[in-house]
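Note sheet for the following structure.
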Amino acid sequence: MSIAKKYSYWVNSGKYTAIWKFSTLFMNVITFMMLTRVLGPDEFGVWGLFTLISSVVEMARTALIRNAYIRFSNQSTEDEQPGLQWAAFIINLAISGVLGIIFLLSGYPVIHWLNSPSLAIILQWYALSIILSAVFAHFEMILNAKLHFQGVCWMYVIRQAPLLLIAGASFMFNYKLSPTELSLMYLLSVMAGLLIGYKYVFHYLYRRFSSGKKWYLPVFHFGKHVFGTNISAQLFRGTDNFLTFKFLGSATSAFYSACLRIGNLVDLPSQVFGDLLFPKVAKVNDSDTGSIKYMYERTVGAILVFSIPALTILVLFPTPILYVLAGKEFIVAAPILRITAFFGFVLPFVKQFGTVMDATGNPDINFRVMLTAFVVNIFTNLAGIYYLGVQGAAIGTCTTYLLLFVFIHVLLKRKFGIKWTNTFISCFQLYEELFRAFKVQCKKMITR
């Protein structure tokens, strides 16, 4: 069997997810390169903190509904679909409305606690963006449930385009964007992605209102744990950035934020495969531990195929990478980048642990694990910053990741028989398969 046929689902579905992730990654990197040079360390530190806040909020809000919707959509009849879809949308819109009010009222607390008037302005404008992003998230959720990865792909690609164009224009004309202009840039990007999403989701939408009373409690009870998990996970991943901003200032936070953004490049394959794995595991019976074990070990192994080389490059060449991507002002952060790069090694295991737990109906376990990790990370970061400054934040987070790695694999071994060592076996098996496929292609080219 050829490698393409053997992994047909992952290849056919994954090509659009890969296009989405890699194209938005490319545009994010270019946008990042231009904004660091236009805004400078102080203002980029503010923008970096906003993007962290917005990602925490949007991912956590979506988590309350998305995984529950996908799971129930795969296990319900056609007659139940309209009620489920409307229930998910109403919950999504209600949460977004509450969050919008919170951000409108956020000005004084942000200025007082973080001493950042620019961030306060951006967050208040974000109150409008979050309402529109609720509709964006609803479209994306439906397309994921239908395995329509092409639609999801173009939604995110088009969403990123206005950010790139406006950042490019400001760089070309050496124009420093104001907080209000940055906020409008973000709002425009959400609107662009939403309009493209409507084109793809049109045929899946149930326009006639259905109360969906039977779904509100099931969606909420399933989603509350996933919501808590994502809040905990995002706060866990943002603890070091928040604390460096608070105790070391926006400029130092900008250096740290730049390292995190570059280190996140290693995490890209994990995002691709995680989006593909959840719908597959959601269809598997919880008692079929063999299938769950196989999918986890093979998925993480496939991620490591990409992340190990990327991690090696970041560790060996942090200074030139920072110089090219962020500019000469940021090369002082090379020691931090070496440490944060290791986050990308542990993240595939952590993310796919969460995917498996949520998809098999165990979001409560995932929630408790990530909440504990978040609390532990606060203490390791405070200790690290107190004794070692900004490098201590990276070391503190790295320590938490290592503890988390050990703990989740104890759980996975007990529940599904998963062994972390098998992920490396799968990784090297995939290297061998890719090498054999490459040899076959070379022979065909030579014989032509």
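Going by the structure tokens order, chains are called A, B, ..., each with residues numbered from 1, while ligands are numbered from 1 in the order shown.
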Contacts of segment 374-383 of chain A within 7 Å, only C-alpha atoms, excl. fewer than 5 positions in-chain, as a PyMOL selection string: chain A and resi 232-233+235-236+239-240+392-393+396-397+400
For the residues selected in the previous step, produce a file with all heavy atoms as a PDB file, in the first residue's frame.
ATOM      1  N   SER A 232      -7.927  27.657  31.297  1.00  0.00           N
ATOM      2  CA  SER A 232      -6.744  27.277  32.082  1.00  0.00           C
ATOM      3  C   SER A 232      -5.521  27.112  31.193  1.00  0.00           C
ATOM      4  O   SER A 232      -4.421  27.578  31.531  1.00  0.00           O
ATOM      5  CB  SER A 232      -7.011  25.987  32.858  1.00  0.00           C
ATOM      6  OG  SER A 232      -8.111  26.124  33.723  1.00  0.00           O
ATOM      7  N   ALA A 233      -5.722  26.447  30.035  1.00  0.00           N
ATOM      8  CA  ALA A 233      -4.598  26.199  29.130  1.00  0.00           C
ATOM      9  C   ALA A 233      -4.051  27.500  28.552  1.00  0.00           C
ATOM     10  O   ALA A 233      -2.828  27.696  28.478  1.00  0.00           O
ATOM     11  CB  ALA A 233      -5.033  25.259  28.005  1.00  0.00           C
ATOM     12  N   LEU A 235      -4.437  30.583  29.810  1.00  0.00           N
ATOM     13  CA  LEU A 235      -3.817  31.354  30.886  1.00  0.00           C
ATOM     14  C   LEU A 235      -2.471  30.742  31.282  1.00  0.00           C
ATOM     15  O   LEU A 235      -1.511  31.458  31.584  1.00  0.00           O
ATOM     16  CB  LEU A 235      -4.748  31.420  32.098  1.00  0.00           C
ATOM     17  CG  LEU A 235      -5.996  32.293  31.929  1.00  0.00           C
ATOM     18  CD1 LEU A 235      -6.879  32.187  33.170  1.00  0.00           C
ATOM     19  CD2 LEU A 235      -5.618  33.746  31.668  1.00  0.00           C
ATOM     20  N   PHE A 236      -2.419  29.412  31.271  1.00  0.00           N
ATOM     21  CA  PHE A 236      -1.163  28.715  31.540  1.00  0.00           C
ATOM     22  C   PHE A 236      -0.091  29.149  30.539  1.00  0.00           C
ATOM     23  O   PHE A 236       1.026  29.510  30.916  1.00  0.00           O
ATOM     24  CB  PHE A 236      -1.422  27.211  31.472  1.00  0.00           C
ATOM     25  CG  PHE A 236      -0.182  26.362  31.344  1.00  0.00           C
ATOM     26  CD1 PHE A 236       0.913  26.567  32.162  1.00  0.00           C
ATOM     27  CD2 PHE A 236      -0.122  25.330  30.410  1.00  0.00           C
ATOM     28  CE1 PHE A 236       2.049  25.774  32.059  1.00  0.00           C
ATOM     29  CE2 PHE A 236       1.001  24.542  30.289  1.00  0.00           C
ATOM     30  CZ  PHE A 236       2.092  24.759  31.108  1.00  0.00           C
ATOM     31  N   THR A 239       0.771  32.936  31.181  1.00  0.00           N
ATOM     32  CA  THR A 239       1.226  33.389  32.506  1.00  0.00           C
ATOM     33  C   THR A 239       2.556  34.121  32.429  1.00  0.00           C
ATOM     34  O   THR A 239       2.716  35.218  32.983  1.00  0.00           O
ATOM     35  CB  THR A 239       1.357  32.192  33.467  1.00  0.00           C
ATOM     36  OG1 THR A 239       0.085  31.580  33.619  1.00  0.00           O
ATOM     37  CG2 THR A 239       1.864  32.639  34.825  1.00  0.00           C
ATOM     38  N   ASP A 240       3.530  33.527  31.735  1.00  0.00           N
ATOM     39  CA  ASP A 240       4.865  34.127  31.659  1.00  0.00           C
ATOM     40  C   ASP A 240       4.812  35.488  30.977  1.00  0.00           C
ATOM     41  O   ASP A 240       5.466  36.443  31.396  1.00  0.00           O
ATOM     42  CB  ASP A 240       5.857  33.196  30.947  1.00  0.00           C
ATOM     43  CG  ASP A 240       5.255  32.497  29.740  1.00  0.00           C
ATOM     44  OD1 ASP A 240       4.153  32.893  29.297  1.00  0.00           O
ATOM     45  OD2 ASP A 240       5.885  31.543  29.229  1.00  0.00           O
ATOM     46  N   GLY A 392      14.114  33.686  33.884  1.00  0.00           N
ATOM     47  CA  GLY A 392      13.463  32.871  34.903  1.00  0.00           C
ATOM     48  C   GLY A 392      12.027  32.535  34.540  1.00  0.00           C
ATOM     49  O   GLY A 392      11.518  31.464  34.907  1.00  0.00           O
ATOM     50  N   ALA A 393      11.348  33.456  33.815  1.00  0.00           N
ATOM     51  CA  ALA A 393       9.983  33.169  33.363  1.00  0.00           C
ATOM     52  C   ALA A 393       9.983  31.970  32.408  1.00  0.00           C
ATOM     53  O   ALA A 393       9.129  31.081  32.508  1.00  0.00           O
ATOM     54  CB  ALA A 393       9.385  34.393  32.677  1.00  0.00           C
ATOM     55  N   GLY A 396      10.779  28.832  34.402  1.00  0.00           N
ATOM     56  CA  GLY A 396       9.629  28.444  35.202  1.00  0.00           C
ATOM     57  C   GLY A 396       8.583  27.721  34.383  1.00  0.00           C
ATOM     58  O   GLY A 396       8.055  26.678  34.796  1.00  0.00           O
ATOM     59  N   THR A 397       8.267  28.259  33.199  1.00  0.00           N
ATOM     60  CA  THR A 397       7.278  27.614  32.327  1.00  0.00           C
ATOM     61  C   THR A 397       7.779  26.270  31.828  1.00  0.00           C
ATOM     62  O   THR A 397       7.018  25.298  31.743  1.00  0.00           O
ATOM     63  CB  THR A 397       6.943  28.529  31.134  1.00  0.00           C
ATOM     64  OG1 THR A 397       6.445  29.772  31.623  1.00  0.00           O
ATOM     65  CG2 THR A 397       5.898  27.893  30.240  1.00  0.00           C
ATOM     66  N   THR A 400       7.230  23.681  34.476  1.00  0.00           N
ATOM     67  CA  THR A 400       5.823  23.265  34.539  1.00  0.00           C
ATOM     68  C   THR A 400       5.487  22.300  33.407  1.00  0.00           C
ATOM     69  O   THR A 400       4.774  21.310  33.609  1.00  0.00           O
ATOM     70  CB  THR A 400       4.893  24.489  34.456  1.00  0.00           C
ATOM     71  OG1 THR A 400       5.286  25.443  35.437  1.00  0.00           O
ATOM     72  CG2 THR A 400       3.453  24.084  34.704  1.00  0.00           C
TER      73      THR A 400
END
Near segment 76-88 of chain A, within 9 Å and counting only C-alpha atoms, which residues show up once chain neighbours fewer than 2 positions away are dropped, as a list of chain:residue names? A:Ile65, A:Arg66, A:Ala68, A:Tyr69, A:Arg71, A:Phe72, A:Ser73, A:Asn74, A:Ile90, A:Ile91, A:Asn92, A:Leu93, A:His138, A:Ile142, A:Leu205, A:Tyr206, A:Arg207, A:Arg208, A:Phe209, A:Ser210, A:Ser211, A:Gly212, A:Lys213, A:Lys214, A:Trp215, A:Tyr216, A:Val219
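Taking atom CA of Ser426 of chain A and atom CA of His409 of chain A as endpoints, the distance between them is 16.4 Å.
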Which residue out of A:Ile19, A:Ala120, A:Ala167, A:Val300 has the minimum interatomic distance to Met155 of chain A when only C-alpha atoms are used?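 Residue with the minimum atom-to-atom distance to Met155 of chain A: A:Ile19.
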Give me, as a VMD selection string, the residues of segment 156-366 of chain A that a backbone DSSP run labels alpha helix (DSSP H). chain A and resid 156 to 172 179 to 201 213 to 248 250 to 263 268 to 282 289 to 316 318 to 326 334 to 340 343 to 359 363 to 366
Excluding segment 30-39 of chain A and any residue of its chain fewer than 4 positions from it, enumerate the residues within 6 Å of it, using only C-alpha atoms, and give them as a VMD selection string. chain A and resid 43 to 44 164 167 171 176 325 to 326
So the first atom is atom CA of Pro117 of chain A and the second is atom CA of Val29 of chain A; what is the distance between them in Å, to one decimal place? 26.5 Å
Atom pair atom CA of Cys398 of chain A / atom CA of Thr360 of chain A: separation (Å): 28.4 Å
Residues near segment 102-112 of chain A, anyone? I mean within 10 Å using only C-alpha atoms, not counting same-chain ones fewer than 4 positions away, as a list in words.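 Counting only the stated atoms, we get Ser96, Gly97, Val98, Ser116, Pro117, Ser118, Leu119, Ala120, Ile121, Ile122, Leu123, Gln124, Trp125, Tyr126, Ala127, Leu128 and Ile130 of chain A.
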Atoms kept (N, CA, C and O atoms) for selection, written as a JSON list (two decimals), in the first residue's frame:
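The resulting file, result_27.json, is shown below:
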[["chain", "number", "residue", "atom", "x", "y", "z"],
["A", 96, "SER", "N", -20.55, 36.00, 24.11],
["A", 96, "SER", "CA", -19.83, 37.09, 23.45],
["A", 96, "SER", "C", -20.36, 38.45, 23.90],
["A", 96, "SER", "O", -19.59, 39.40, 24.05],
["A", 97, "GLY", "N", -21.69, 38.55, 24.09],
["A", 97, "GLY", "CA", -22.27, 39.80, 24.57],
["A", 97, "GLY", "C", -21.77, 40.16, 25.95],
["A", 97, "GLY", "O", -21.41, 41.33, 26.21],
["A", 98, "VAL", "N", -21.69, 39.19, 26.84],
["A", 98, "VAL", "CA", -21.17, 39.43, 28.20],
["A", 98, "VAL", "C", -19.71, 39.86, 28.14],
["A", 98, "VAL", "O", -19.29, 40.82, 28.81],
["A", 116, "SER", "N", -1.22, 50.89, 31.21],
["A", 116, "SER", "CA", -1.13, 50.83, 29.76],
["A", 116, "SER", "C", -2.38, 51.42, 29.11],
["A", 116, "SER", "O", -3.32, 50.70, 28.78],
["A", 117, "PRO", "N", -2.42, 52.76, 28.91],
["A", 117, "PRO", "CA", -3.58, 53.39, 28.25],
["A", 117, "PRO", "C", -3.82, 52.85, 26.85],
["A", 117, "PRO", "O", -4.97, 52.73, 26.42],
["A", 118, "SER", "N", -2.74, 52.54, 26.12],
["A", 118, "SER", "CA", -2.88, 52.02, 24.75],
["A", 118, "SER", "C", -3.63, 50.69, 24.75],
["A", 118, "SER", "O", -4.52, 50.46, 23.91],
["A", 119, "LEU", "N", -3.31, 49.82, 25.68],
["A", 119, "LEU", "CA", -3.98, 48.53, 25.77],
["A", 119, "LEU", "C", -5.45, 48.72, 26.12],
["A", 119, "LEU", "O", -6.32, 48.00, 25.60],
["A", 120, "ALA", "N", -5.76, 49.67, 26.98],
["A", 120, "ALA", "CA", -7.15, 49.94, 27.36],
["A", 120, "ALA", "C", -7.98, 50.34, 26.14],
["A", 120, "ALA", "O", -9.11, 49.86, 25.96],
["A", 121, "ILE", "N", -7.43, 51.19, 25.27],
["A", 121, "ILE", "CA", -8.13, 51.62, 24.05],
["A", 121, "ILE", "C", -8.39, 50.43, 23.13],
["A", 121, "ILE", "O", -9.49, 50.24, 22.61],
["A", 122, "ILE", "N", -7.37, 49.59, 22.93],
["A", 122, "ILE", "CA", -7.49, 48.43, 22.05],
["A", 122, "ILE", "C", -8.55, 47.47, 22.57],
["A", 122, "ILE", "O", -9.37, 46.93, 21.80],
["A", 123, "LEU", "N", -8.56, 47.21, 23.87],
["A", 123, "LEU", "CA", -9.53, 46.28, 24.45],
["A", 123, "LEU", "C", -10.96, 46.80, 24.35],
["A", 123, "LEU", "O", -11.90, 46.03, 24.16],
["A", 124, "GLN", "N", -11.13, 48.11, 24.47],
["A", 124, "GLN", "CA", -12.48, 48.67, 24.35],
["A", 124, "GLN", "C", -13.01, 48.56, 22.92],
["A", 124, "GLN", "O", -14.19, 48.28, 22.71],
["A", 125, "TRP", "N", -12.15, 48.76, 21.94],
["A", 125, "TRP", "CA", -12.55, 48.52, 20.55],
["A", 125, "TRP", "C", -12.81, 47.03, 20.31],
["A", 125, "TRP", "O", -13.67, 46.66, 19.49],
["A", 126, "TYR", "N", -12.09, 46.20, 21.01],
["A", 126, "TYR", "CA", -12.24, 44.75, 20.84],
["A", 126, "TYR", "C", -13.64, 44.27, 21.25],
["A", 126, "TYR", "O", -14.09, 43.21, 20.81],
["A", 127, "ALA", "N", -14.35, 45.06, 22.06],
["A", 127, "ALA", "CA", -15.72, 44.71, 22.45],
["A", 127, "ALA", "C", -16.62, 44.52, 21.24],
["A", 127, "ALA", "O", -17.52, 43.68, 21.24],
["A", 128, "LEU", "N", -16.39, 45.30, 20.17],
["A", 128, "LEU", "CA", -17.16, 45.15, 18.93],
["A", 128, "LEU", "C", -16.68, 43.94, 18.13],
["A", 128, "LEU", "O", -17.48, 43.17, 17.60],
["A", 130, "ILE", "N", -15.44, 41.19, 19.13],
["A", 130, "ILE", "CA", -15.77, 39.89, 19.72],
["A", 130, "ILE", "C", -17.18, 39.45, 19.37],
["A", 130, "ILE", "O", -17.47, 38.25, 19.28]]
Long-range neighbours of Leu311 of chain A as a VMD selection string, 9 Å cut-off, only C-alpha atoms, 6 positions minimum in chain: chain A and resid 263 266 341 to 342 344 to 345
Saved selection, atoms kept: C-alpha atoms, as a short mmCIF file (atom, residue, chain, number, x, y, z; two decimals), in the first residue's frame:
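What landed in part_10.cif:
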data_model
loop_
_atom_site.label_atom_id
_atom_site.label_comp_id
_atom_site.auth_asym_id
_atom_site.auth_seq_id
_atom_site.Cartn_x
_atom_site.Cartn_y
_atom_site.Cartn_z
CA GLY A 263 8.69 29.22 19.32
CA VAL A 266 7.27 24.46 16.26
CA ALA A 341 11.77 26.50 21.85
CA PHE A 342 11.50 23.47 24.14
CA GLY A 344 7.22 23.20 21.24
CA PHE A 345 8.55 19.75 22.08
#
Which residue out of A:Thr423, A:Gln160, A:Ser307, A:Thr51 has the minimum interatomic distance to Ser23 of chain A when only C-alpha atoms are used?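 Nearest candidate to Ser23 of chain A out of A:Thr423, A:Gln160, A:Ser307, A:Thr51: A:Gln160.
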